[in-house]
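**Student:** Dropping a structure here in C-alpha cells format, bear with me for questions.
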Amino acid sequence: MSGHTENEITVNAPLDVVWEITNDLENWPQLFSEYASVEVLERQGETTTFRLTMHPDENGKIWSWVSERTPDRAARTVRARRVETGPFQHMDIHWEYSEVPGGTRMHWRQDFAMKPDAPVDDAWMTDNINRNSKIQMALIRDRIEERDRQRRAASAN
C-alpha cells in the first residue's frame with residue numbers, strides 16, 4: 001500500500017511573490033510553524049540538499065531529515081524527495097503554482113509509503129499530512145498576503 005495526498009490553496013498575491021517566498025528555504029522556519037531550522041547542505045545547479053528539523057512534538061521528540069528539492073521556475077513546479085527517509089520507504093513531493101483569478105494557486109502532492117516497522121501506517125500518515133497541510137497552507141497564505149500588502153503599501157509611498 002502507499003499514501004497519496006493532494007492539497008491546494010489560493011494566495012491573494014502575484015505568482016512571483018508566492019514563488020520567491022515559498023522557495024526561500026532558509027526562511028522556512030519563519031514561513032512554516034512546524035520547522036525549527038533549515039540547514040542547507042549542498043547546492044548543485046537548481047537542486048538543494050538540506051536538513052529540516054521540526055519543533056519538538058507532543059512527546060518531546062524532535063524529528064529531522066535530509067531532503068533534496070529542485071525548483072523549475074519556467075514550469076512553475078518543484079520536485080522534492082526525502083534522502084533520509086526515516087519511517088518512510090519513500091516520500092516524493094510535487095508542488096505546482098498557477099495564476100488564477102484572485103491570485104496564485106499553490107497545489108501540493110505527496111506520494112509516499114511507510115516502512116513496515118514504522119510507528120504508523122500509510123492511512124494514518126495520509127490523514128496526518130492532509131490535516132497538517134491545510135494548517136500550514138493557510139498559515140503560509142496569511143503570511144504571504146501580509147508581506148505582499150506591506151510591499152504594496154511601501155511602494156505606494
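Just so we're on the same page: first chain in the C-alpha cells is A, next is B, and so on; residues restart at 1 for each chain, and ligands are numbered from 1 in the order they show up.
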Can you list, as a PyMOL selection string, every protein, DNA or RNA residue that comes within 9 Å of Asp148 in chain A when you count only C-alpha atoms, leaving out same-chain residues fewer than 3 positions away?
**Tutor:** chain A and resi 12-14+17+143-145+151-153
**Student:** Based on the backbone DSSP call, show me all residues of range 4-115 of chain A assigned helix (DSSP H, G or I), as a ChimeraX atom specification.
**Tutor:** /A:15-22,25-31
**Student:** Restricting the calculation to only C-alpha atoms, which member of A:Phe50, A:Trp108, A:Trp19, A:Trp95 is positioned closest to Lys134 in chain A?
**Tutor:**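 Closest residue, counting only C-alpha atoms: A:Trp108.
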**Student:** Can you work out which one of A:Thr49, A:His90, A:Arg109, A:Pro101 has the shortest atom-to-atom distance to Leu25 in chain A, counting only C-alpha atoms?
**Tutor:**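 Residue with the minimum atom-to-atom distance to Leu25 in chain A: A:Thr49.
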**Student:** Give me, as a PyMOL selection string, the residues of range 83-123 of chain A that a backbone DSSP run labels strand (DSSP E).
**Tutor:** chain A and resi 88-100+103-114
**Student:** For range 63-86 of chain A against range 30-46 of chain A, with a cut-off of 8 Å and counting only C-alpha atoms, what is the closest atom pair and its distance in Å to one decimal for every residue that makes the cut, ordered by chain and number, as CSV?
**Tutor:**
residue,atom,partner,partner_atom,distance
A:Thr70,CA,A:Glu46,CA,5.6
A:Pro71,CA,A:Glu46,CA,6.5
A:Asp72,CA,A:Glu46,CA,7.9
**Student:** Would you mind listing what lies within 12 Å of Trp124 in chain A as a ChimeraX atom specification, with only C-alpha atoms counted and same-chain residues fewer than 4 positions away left out?
**Tutor:** /A:2-5,113-114,118-120,128-131
**Student:** Quick one, how far is CA of Val83 in chain A from CA of Gln136 in chain A?
**Tutor:** 22.3 Å
**Student:** Rank nothing, just name the residue among A:Asn59, A:Thr126, A:Thr48, A:Thr77 nearest to Glu96 in chain A, using only C-alpha atoms.
**Tutor:** A:Thr77
**Student:** What gap, in Å, lies between CA of Ser133 in chain A and CA of Arg149 in chain A?
**Tutor:**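 One can read the CA of Ser133 in chain A to CA of Arg149 in chain A distance as 23.8 Å.
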